[in-house]
>>> print(open('work-v2.cif').read())   # mmCIF, C-alpha atoms
data_protein
#
loop_
_atom_site.label_atom_id
_atom_site.label_comp_id
_atom_site.auth_asym_id
_atom_site.auth_seq_id
_atom_site.Cartn_x
_atom_site.Cartn_y
_atom_site.Cartn_z
CA MET S 18 -1.48 28.17 -0.57
CA THR S 19 -2.36 25.95 2.33
CA TRP S 20 -3.29 22.52 3.61
CA PHE S 21 -6.88 21.94 4.65
CA THR S 22 -7.56 19.04 7.00
CA THR S 23 -10.59 17.11 8.17
CA ASP S 24 -11.45 13.87 9.93
CA GLU S 25 -14.58 13.39 7.80
CA PRO S 26 -14.10 11.11 4.76
CA GLU S 27 -17.09 12.56 2.92
CA VAL S 28 -15.65 16.07 3.19
CA PHE S 29 -12.27 14.84 1.96
CA ARG S 30 -13.86 13.02 -0.99
CA SER S 31 -15.71 16.16 -2.05
CA GLU S 32 -12.48 18.19 -1.98
CA ALA S 33 -9.89 15.65 -3.17
CA GLY S 34 -11.83 12.83 -4.83
CA THR S 35 -11.41 14.11 -8.38
CA PHE S 36 -7.68 14.62 -7.86
CA LEU S 37 -7.21 11.08 -6.50
CA ALA S 38 -9.30 9.49 -9.25
CA ALA S 39 -7.21 11.14 -11.99
CA ARG S 40 -4.28 8.77 -11.25
CA PRO S 41 -5.57 5.91 -9.11
CA ASP S 42 -2.33 3.97 -9.63
CA TRP S 43 -0.15 6.74 -8.16
CA HIS S 44 -2.70 7.25 -5.38
CA THR S 45 -3.29 3.61 -4.48
CA MET S 46 -2.10 4.00 -0.88
CA LEU S 47 -4.36 7.01 -0.30
CA LEU S 48 -7.38 5.34 -1.89
CA SER S 49 -7.02 2.09 0.04
CA GLY S 50 -6.39 4.00 3.28
CA LEU S 51 -9.53 6.06 2.74
CA ASP S 52 -11.49 2.89 1.96
CA THR S 53 -10.29 1.36 5.24
CA ILE S 54 -11.38 4.42 7.22
CA GLU S 55 -14.83 4.37 5.61
CA ARG S 56 -15.24 0.63 6.19
CA LEU S 57 -14.28 0.90 9.86
CA ARG S 58 -16.73 3.76 10.34
CA SER S 59 -19.50 1.73 8.73
CA GLU S 60 -18.77 -0.97 11.33
CA GLY S 61 -19.26 1.54 14.14
CA LYS S 62 -15.57 2.08 14.79
CA ALA S 63 -13.86 5.46 14.85
CA PRO S 64 -10.16 5.20 13.95
CA PRO S 65 -7.98 8.30 14.43
CA THR S 66 -8.17 10.08 11.09
CA VAL S 67 -6.38 13.04 9.49
CA LEU S 68 -7.17 13.76 5.84
CA GLY S 69 -5.59 16.68 3.99
CA TRP S 70 -5.72 18.43 0.64
CA TRP S 71 -3.55 21.20 -0.81
CA ARG S 72 -4.62 24.25 -2.78
CA GLU S 73 -2.44 26.81 -4.52
CA PRO S 74 -3.26 30.54 -4.05
CA ASP S 75 -6.50 31.59 -5.74
CA GLU S 76 -7.02 28.05 -7.06
CA THR S 77 -10.04 25.83 -6.47
CA ALA S 78 -8.45 22.57 -7.65
CA THR S 79 -6.70 20.21 -5.25
CA THR S 80 -3.12 19.48 -6.34
CA ALA S 81 -1.89 17.29 -3.46
CA ALA S 82 -3.40 15.18 -0.68
CA PHE S 83 -2.61 12.84 2.20
CA VAL S 84 -4.41 10.13 4.18
CA TRP S 85 -3.32 9.25 7.71
CA MET S 86 -4.57 7.04 10.52
CA PRO S 87 -2.18 7.84 13.38
CA PRO S 88 0.04 6.14 14.44
CA HIS S 89 0.20 4.21 11.16
CA LEU S 90 1.86 5.16 7.88
CA LEU S 91 0.92 8.52 6.34
CA ALA S 92 0.35 8.20 2.57
CA ALA S 93 0.99 11.33 0.53
CA SER S 94 0.55 12.18 -3.13
CA ARG S 95 3.15 14.04 -5.16
CA LEU S 96 4.22 17.15 -3.28
CA SER S 97 5.61 20.43 -4.56
CA GLN S 98 8.39 22.01 -2.53
CA ASP S 99 5.86 24.39 -0.97
CA ALA S 100 3.40 21.61 -0.19
CA ALA S 101 6.15 19.52 1.41
CA ALA S 102 7.33 22.45 3.53
CA HIS S 103 3.82 23.28 4.73
CA LEU S 104 3.08 19.62 5.43
CA ALA S 105 6.09 19.50 7.73
CA ASP S 106 4.64 22.50 9.57
CA VAL S 107 1.22 20.86 9.85
CA LEU S 108 2.59 17.58 11.20
CA SER S 109 5.01 19.19 13.64
CA ASP S 110 2.12 21.11 15.24
CA ARG S 111 -0.11 18.07 15.83
CA THR S 112 -0.39 16.21 19.14
CA GLN S 113 -0.32 12.85 17.37
CA PRO S 114 3.29 11.86 16.72
CA PHE S 115 4.25 11.53 13.06
CA THR S 116 6.22 8.32 12.54
CA GLN S 117 6.32 7.35 8.85
CA LEU S 118 5.43 8.83 5.47
CA VAL S 119 5.32 7.17 2.06
CA ALA S 120 5.40 9.17 -1.16
CA ASP S 121 7.09 9.13 -4.54
CA ASP S 122 10.86 9.43 -4.26
CA SER S 123 11.23 13.15 -5.02
CA SER S 124 8.33 14.12 -2.73
CA ALA S 125 9.71 12.02 0.11
CA ARG S 126 13.06 13.74 -0.24
CA ALA S 127 11.41 17.18 -0.29
CA PHE S 128 9.45 16.35 2.84
CA SER S 129 12.55 14.99 4.59
CA ASP S 130 14.42 18.24 3.92
CA ALA S 131 11.44 20.29 5.09
CA TRP S 132 11.07 18.23 8.26
CA GLN S 133 14.70 18.82 9.16
CA THR S 134 14.31 22.57 8.54
CA THR S 135 11.14 22.72 10.62
CA THR S 136 12.10 20.47 13.54
CA GLY S 137 15.90 20.30 13.43
CA SER S 138 15.61 16.50 13.22
CA GLN S 139 16.73 14.59 10.13
CA PRO S 140 14.30 11.78 9.25
CA LYS S 141 15.70 8.38 8.39
CA SER S 142 15.33 7.08 4.86
CA GLY S 143 13.35 3.85 4.95
CA PRO S 144 12.81 1.27 2.22
CA HIS S 145 13.16 2.38 -1.40
CA LEU S 146 10.12 0.98 -3.21
CA ARG S 147 9.00 0.57 -6.80
CA LEU S 148 5.35 0.58 -7.78
CA TYR S 149 4.43 -1.87 -10.53
CA ARG S 150 1.22 -2.20 -12.57
CA LEU S 151 0.11 -5.38 -14.31
CA ASP S 152 0.31 -4.96 -18.08
CA GLY S 153 -0.76 -8.39 -19.26
CA LEU S 154 -0.60 -11.48 -17.07
CA VAL S 155 2.05 -13.97 -18.24
CA ARG S 156 1.74 -17.39 -16.67
CA PRO S 157 5.07 -18.94 -15.63
CA ALA S 158 6.40 -21.02 -18.54
CA LEU S 159 7.33 -23.86 -16.20
CA ALA S 160 4.58 -23.99 -13.61
CA PRO S 161 5.71 -25.42 -10.27
CA PRO S 162 3.88 -28.35 -8.71
CA GLY S 163 0.77 -27.59 -6.73
CA ALA S 164 -2.23 -25.32 -7.13
CA PRO S 165 -3.74 -22.17 -5.63
CA ARG S 166 -6.71 -22.08 -3.28
CA THR S 167 -8.58 -19.38 -1.40
CA ALA S 168 -7.65 -19.20 2.27
CA THR S 169 -10.44 -19.71 4.81
CA ASP S 170 -10.94 -19.04 8.51
CA ASP S 171 -9.26 -22.39 9.20
CA ASP S 172 -6.04 -20.88 7.80
CA ARG S 173 -6.07 -17.88 10.11
CA ALA S 174 -3.33 -19.10 12.45
CA LEU S 175 -1.08 -19.88 9.49
CA LEU S 176 -1.75 -16.46 7.92
CA HIS S 177 -0.95 -14.74 11.22
CA ASP S 178 2.31 -16.66 11.57
CA TRP S 179 3.39 -15.94 7.99
CA CYS S 180 2.38 -12.27 8.17
CA THR S 181 4.44 -11.93 11.34
CA ARG S 182 7.41 -13.44 9.53
CA PHE S 183 6.81 -11.12 6.56
CA VAL S 184 6.84 -8.06 8.85
CA THR S 185 10.12 -9.24 10.41
CA GLU S 186 11.70 -9.53 6.96
CA ALA S 187 10.10 -6.65 5.06
CA GLY S 188 8.63 -4.19 7.57
CA SER S 189 5.18 -3.17 8.77
CA LEU S 190 2.05 -3.83 6.75
CA GLY S 191 0.81 -0.40 7.88
CA ALA S 192 -2.19 -1.62 9.87
CA ASP S 193 -3.24 -3.68 12.85
CA LEU S 194 -2.21 -7.21 11.90
CA ASP S 195 -5.35 -9.00 13.10
CA ALA S 196 -7.63 -6.51 11.34
CA PHE S 197 -5.48 -6.74 8.20
CA ILE S 198 -5.82 -10.53 8.06
CA ASP S 199 -9.50 -10.68 8.95
CA GLU S 200 -10.58 -8.02 6.44
CA ARG S 201 -9.03 -9.99 3.59
CA LEU S 202 -10.43 -13.28 4.89
CA SER S 203 -13.94 -11.81 5.02
CA ARG S 204 -14.00 -11.27 1.24
CA GLY S 205 -11.82 -14.13 0.00
CA GLY S 206 -8.78 -11.94 -0.61
CA TRP S 207 -6.09 -14.47 0.38
CA ARG S 208 -4.56 -17.09 -1.91
CA LEU S 209 -2.36 -19.98 -0.79
CA TRP S 210 -0.18 -22.05 -3.09
CA THR S 211 -0.32 -25.64 -1.88
CA VAL S 212 1.74 -28.69 -2.79
CA GLY S 213 0.15 -31.96 -1.71
CA ASP S 214 -2.31 -29.94 0.41
CA GLU S 215 0.63 -28.29 2.21
CA PRO S 216 0.74 -24.45 1.93
CA VAL S 217 4.12 -23.16 0.76
CA ALA S 218 3.37 -19.54 -0.28
CA MET S 219 0.69 -16.88 0.16
CA ALA S 220 -0.47 -13.65 -1.43
CA ALA S 221 -3.35 -11.27 -0.77
CA MET S 222 -5.15 -8.41 -2.45
CA THR S 223 -6.90 -5.30 -1.26
CA SER S 224 -10.53 -4.72 -2.19
CA VAL S 225 -11.25 -3.01 -5.51
CA VAL S 226 -11.13 0.76 -4.94
CA ALA S 227 -11.51 3.21 -7.84
CA GLY S 228 -10.74 0.37 -10.23
CA THR S 229 -7.49 -0.55 -8.46
CA VAL S 230 -6.31 -3.53 -6.46
CA ARG S 231 -2.93 -3.75 -4.71
CA LEU S 232 -1.27 -7.05 -3.89
CA THR S 233 0.14 -7.22 -0.37
CA PRO S 234 1.76 -9.21 1.09
CA VAL S 235 3.44 -11.91 -1.00
CA TYR S 236 5.38 -14.45 1.06
CA THR S 237 7.05 -17.81 0.49
CA LEU S 238 8.45 -19.96 3.26
CA PRO S 239 12.26 -19.56 3.27
CA GLU S 240 12.92 -23.26 2.74
CA GLN S 241 10.56 -23.27 -0.29
CA ARG S 242 12.04 -20.29 -2.13
CA GLY S 243 13.60 -20.50 -5.56
CA ARG S 244 11.05 -23.04 -6.79
CA GLY S 245 8.57 -20.70 -8.50
CA TYR S 246 5.90 -20.75 -5.79
CA GLY S 247 6.03 -16.98 -5.21
CA SER S 248 5.47 -16.13 -8.88
CA ALA S 249 2.76 -18.78 -9.14
CA VAL S 250 0.75 -17.52 -6.18
CA THR S 251 1.23 -13.92 -7.39
CA ALA S 252 -0.13 -14.88 -10.81
CA ALA S 253 -3.09 -16.59 -9.14
CA VAL S 254 -4.04 -13.60 -6.98
CA SER S 255 -3.43 -11.25 -9.93
CA GLN S 256 -5.99 -13.21 -11.94
CA ALA S 257 -8.38 -13.08 -8.98
CA ALA S 258 -7.99 -9.29 -8.93
CA ARG S 259 -8.79 -9.10 -12.65
CA ASP S 260 -11.79 -11.36 -12.11
CA ALA S 261 -12.98 -9.03 -9.33
CA GLY S 262 -13.10 -6.17 -11.84
CA ALA S 263 -9.82 -4.36 -11.17
CA GLU S 264 -8.59 -2.24 -14.07
CA HIS S 265 -5.26 -1.53 -12.36
CA VAL S 266 -3.55 -4.40 -10.51
CA LEU S 267 -0.63 -2.98 -8.55
CA LEU S 268 2.11 -4.02 -6.19
CA PHE S 269 5.12 -2.49 -4.44
CA THR S 270 8.56 -4.09 -4.29
CA ASP S 271 11.62 -3.28 -2.23
CA LEU S 272 14.35 -2.28 -4.68
CA ALA S 273 16.87 -3.88 -2.33
CA ASN S 274 15.43 -7.24 -3.40
CA PRO S 275 16.33 -7.70 -7.09
CA ALA S 276 14.92 -11.24 -7.16
CA SER S 277 11.34 -10.18 -6.45
CA ASN S 278 11.57 -7.30 -8.93
CA SER S 279 12.67 -9.72 -11.62
CA VAL S 280 9.94 -12.25 -10.78
CA TYR S 281 7.12 -9.72 -11.03
CA GLN S 282 8.34 -8.37 -14.35
CA ARG S 283 8.46 -11.89 -15.78
CA ILE S 284 4.76 -12.38 -15.08
CA GLY S 285 3.74 -9.08 -16.66
CA TYR S 286 4.24 -6.24 -14.16
CA ARG S 287 5.76 -2.98 -15.41
CA PRO S 288 7.27 -0.09 -13.36
CA VAL S 289 5.14 2.98 -12.65
CA SER S 290 7.19 5.09 -10.23
CA ASP S 291 9.69 4.87 -7.37
CA PHE S 292 8.60 5.58 -3.80
CA ARG S 293 10.33 5.95 -0.48
CA ILE S 294 9.34 5.62 3.16
CA VAL S 295 10.56 8.38 5.49
CA VAL S 296 10.83 7.53 9.20
CA SER S 297 10.86 10.32 11.82
#
>>> encode(input="work-v2.cif", output="structure tokens")
Amino acid sequence: MTWFTTDEPEVFRSEAGTFLAARPDWHTMLLSGLDTIERLRSEGKAPPTVLGWWREPDETATTAAFVWMPPHLLAASRLSQDAAAHLADVLSDRTQPFTQLVADDSSARAFSDAWQTTTGSQPKSGPHLRLYRLDGLVRPALAPPGAPRTATDDDRALLHDWCTRFVTEAGSLGADLDAFIDERLSRGGWRLWTVGDEPVAMAAMTSVVAGTVRLTPVYTLPEQRGRGYGSAVTAAVSQAARDAGAEHVLLFTDLANPASNSVYQRIGYRPVSDFRIVVS
């Protein structure tokens, strides 16, 4: 049993693609990370890349995987105790510093224990997340004033300001902020909720990858909260994701924020699994 690693996306797809495609909802972070790596390479860029897949002894099927662009967040699939222990060994031996890992709750805990055993350092437990999948979109019964629109290049400064505020409140978006904003702008992935032509809330979606779209981020100006704008803009971008052909429309919430968890469930999102971020 061992981890195999490569920096070549096509090699990784041949070894782990079937495994990832079997549960694209669970593997949304890996699939979108891989898509980002492939897109950057097609643009002539070469981001640092570490892609790994796990095989049990005498087995040919991949049973775990991870996608990592150091120094950003490492996204891992479900990990057995052995896979978690060996992953800690792999990461501790690399020259690139490991900073953060996201995985389902039990796998994150297994990795945290293994990292402490391997390095003598106890990782910090970061945000406790819940992954939701859209079941059937339910429009808010009492729609707030205003309407959604697609953000354009003219909105870039506003998006940068609001994303910066989002990061301050909720944590990193896991990528270079300018690249994150521009990639979504380039394909119409941002929605703004406007009241009298004044933006009050925003939401964005990833591109469709293996039939999945993930919404991130969702943000409402603090002084405009509690008026239904966040749920309205989320419903609008959820519909846009459906219209783009997504079979699975997903989003993560911080379980420390009960208000957002309640809002998303009211518009049709249902829990899939709990995740946790581990910080070295």
>>> closest_residue(input="work-v2.cif", among="S:Tyr149, S:Glu73, S:Pro140, S:Ser109", to="Ser279 (chain S)", atoms="only C-alpha atoms")
S:Tyr149
>>> atom_distance(input="work-v2.cif", atom1="CA of Trp70 (chain S)", atom2="CA of Arg201 (chain S)")
28.8 Å
>>> resolve_selection(input="work-v2.cif", expression="the PyMOL selection byres ((chain S and resi 124) around 12)", output="PDB file with C-alpha atoms, in the frame of the given file")
ATOM      1  CA  ALA S  81      -1.890  17.290  -3.460  1.00  0.00           C
ATOM      2  CA  ALA S  82      -3.400  15.180  -0.680  1.00  0.00           C
ATOM      3  CA  ALA S  92       0.350   8.200   2.570  1.00  0.00           C
ATOM      4  CA  ALA S  93       0.990  11.330   0.530  1.00  0.00           C
ATOM      5  CA  SER S  94       0.550  12.180  -3.130  1.00  0.00           C
ATOM      6  CA  ARG S  95       3.150  14.040  -5.160  1.00  0.00           C
ATOM      7  CA  LEU S  96       4.220  17.150  -3.280  1.00  0.00           C
ATOM      8  CA  SER S  97       5.610  20.430  -4.560  1.00  0.00           C
ATOM      9  CA  GLN S  98       8.390  22.010  -2.530  1.00  0.00           C
ATOM     10  CA  ASP S  99       5.860  24.390  -0.970  1.00  0.00           C
ATOM     11  CA  ALA S 100       3.400  21.610  -0.190  1.00  0.00           C
ATOM     12  CA  ALA S 101       6.150  19.520   1.410  1.00  0.00           C
ATOM     13  CA  ALA S 102       7.330  22.450   3.530  1.00  0.00           C
ATOM     14  CA  LEU S 104       3.080  19.620   5.430  1.00  0.00           C
ATOM     15  CA  ALA S 105       6.090  19.500   7.730  1.00  0.00           C
ATOM     16  CA  LEU S 118       5.430   8.830   5.470  1.00  0.00           C
ATOM     17  CA  VAL S 119       5.320   7.170   2.060  1.00  0.00           C
ATOM     18  CA  ALA S 120       5.400   9.170  -1.160  1.00  0.00           C
ATOM     19  CA  ASP S 121       7.090   9.130  -4.540  1.00  0.00           C
ATOM     20  CA  ASP S 122      10.860   9.430  -4.260  1.00  0.00           C
ATOM     21  CA  SER S 123      11.230  13.150  -5.020  1.00  0.00           C
ATOM     22  CA  ALA S 125       9.710  12.020   0.110  1.00  0.00           C
ATOM     23  CA  ARG S 126      13.060  13.740  -0.240  1.00  0.00           C
ATOM     24  CA  ALA S 127      11.410  17.180  -0.290  1.00  0.00           C
ATOM     25  CA  PHE S 128       9.450  16.350   2.840  1.00  0.00           C
ATOM     26  CA  SER S 129      12.550  14.990   4.590  1.00  0.00           C
ATOM     27  CA  ASP S 130      14.420  18.240   3.920  1.00  0.00           C
ATOM     28  CA  ALA S 131      11.440  20.290   5.090  1.00  0.00           C
ATOM     29  CA  SER S 290       7.190   5.090 -10.230  1.00  0.00           C
ATOM     30  CA  ASP S 291       9.690   4.870  -7.370  1.00  0.00           C
ATOM     31  CA  PHE S 292       8.600   5.580  -3.800  1.00  0.00           C
ATOM     32  CA  ARG S 293      10.330   5.950  -0.480  1.00  0.00           C
ATOM     33  CA  ILE S 294       9.340   5.620   3.160  1.00  0.00           C
ATOM     34  CA  VAL S 295      10.560   8.380   5.490  1.00  0.00           C
TER      35      VAL S 295
END
>>> resolve_selection(input="work-v2.cif", expression="the PyMOL selection byres ((chain S and resi 286) around 10)", output="count of residues only")
22
>>> residues_near_point(input="work-v2.cif", point="(-1.3, 14.4, 15.8)", cutoff="12 Å", atoms="all atoms listed in the file", output="list of chain:residue names")
S:Thr22, S:Asp24, S:Pro65, S:Thr66, S:Val67, S:Leu68, S:Trp85, S:Met86, S:Pro87, S:Pro88, S:His89, S:Leu91, S:Asp106, S:Val107, S:Leu108, S:Ser109, S:Asp110, S:Arg111, S:Thr112, S:Gln113, S:Pro114, S:Phe115, S:Thr116
>>> write_last_selection(input="work-v2.cif", atoms="C-alpha atoms", output="PDB file, in the frame of the given file")
ATOM      1  CA  THR S  22      -7.560  19.040   7.000  1.00  0.00           C
ATOM      2  CA  ASP S  24     -11.450  13.870   9.930  1.00  0.00           C
ATOM      3  CA  PRO S  65      -7.980   8.300  14.430  1.00  0.00           C
ATOM      4  CA  THR S  66      -8.170  10.080  11.090  1.00  0.00           C
ATOM      5  CA  VAL S  67      -6.380  13.040   9.490  1.00  0.00           C
ATOM      6  CA  LEU S  68      -7.170  13.760   5.840  1.00  0.00           C
ATOM      7  CA  TRP S  85      -3.320   9.250   7.710  1.00  0.00           C
ATOM      8  CA  MET S  86      -4.570   7.040  10.520  1.00  0.00           C
ATOM      9  CA  PRO S  87      -2.180   7.840  13.380  1.00  0.00           C
ATOM     10  CA  PRO S  88       0.040   6.140  14.440  1.00  0.00           C
ATOM     11  CA  HIS S  89       0.200   4.210  11.160  1.00  0.00           C
ATOM     12  CA  LEU S  91       0.920   8.520   6.340  1.00  0.00           C
ATOM     13  CA  ASP S 106       4.640  22.500   9.570  1.00  0.00           C
ATOM     14  CA  VAL S 107       1.220  20.860   9.850  1.00  0.00           C
ATOM     15  CA  LEU S 108       2.590  17.580  11.200  1.00  0.00           C
ATOM     16  CA  SER S 109       5.010  19.190  13.640  1.00  0.00           C
ATOM     17  CA  ASP S 110       2.120  21.110  15.240  1.00  0.00           C
ATOM     18  CA  ARG S 111      -0.110  18.070  15.830  1.00  0.00           C
ATOM     19  CA  THR S 112      -0.390  16.210  19.140  1.00  0.00           C
ATOM     20  CA  GLN S 113      -0.320  12.850  17.370  1.00  0.00           C
ATOM     21  CA  PRO S 114       3.290  11.860  16.720  1.00  0.00           C
ATOM     22  CA  PHE S 115       4.250  11.530  13.060  1.00  0.00           C
ATOM     23  CA  THR S 116       6.220   8.320  12.540  1.00  0.00           C
TER      24      THR S 116
END
>>> residues_around(input="work-v2.cif", residues="Met222 (chain S)", least_positions_apart="2", cutoff="7 Å", atoms="all atoms listed in the file", output="PyMOL selection string")
chain S and resi 206-207+224+230-233+254
>>> closest_residue(input="work-v2.cif", among="S:Thr134, S:Val250, S:Thr77, S:Gln139", to="Val212 (chain S)", atoms="all atoms listed in the file")
S:Val250
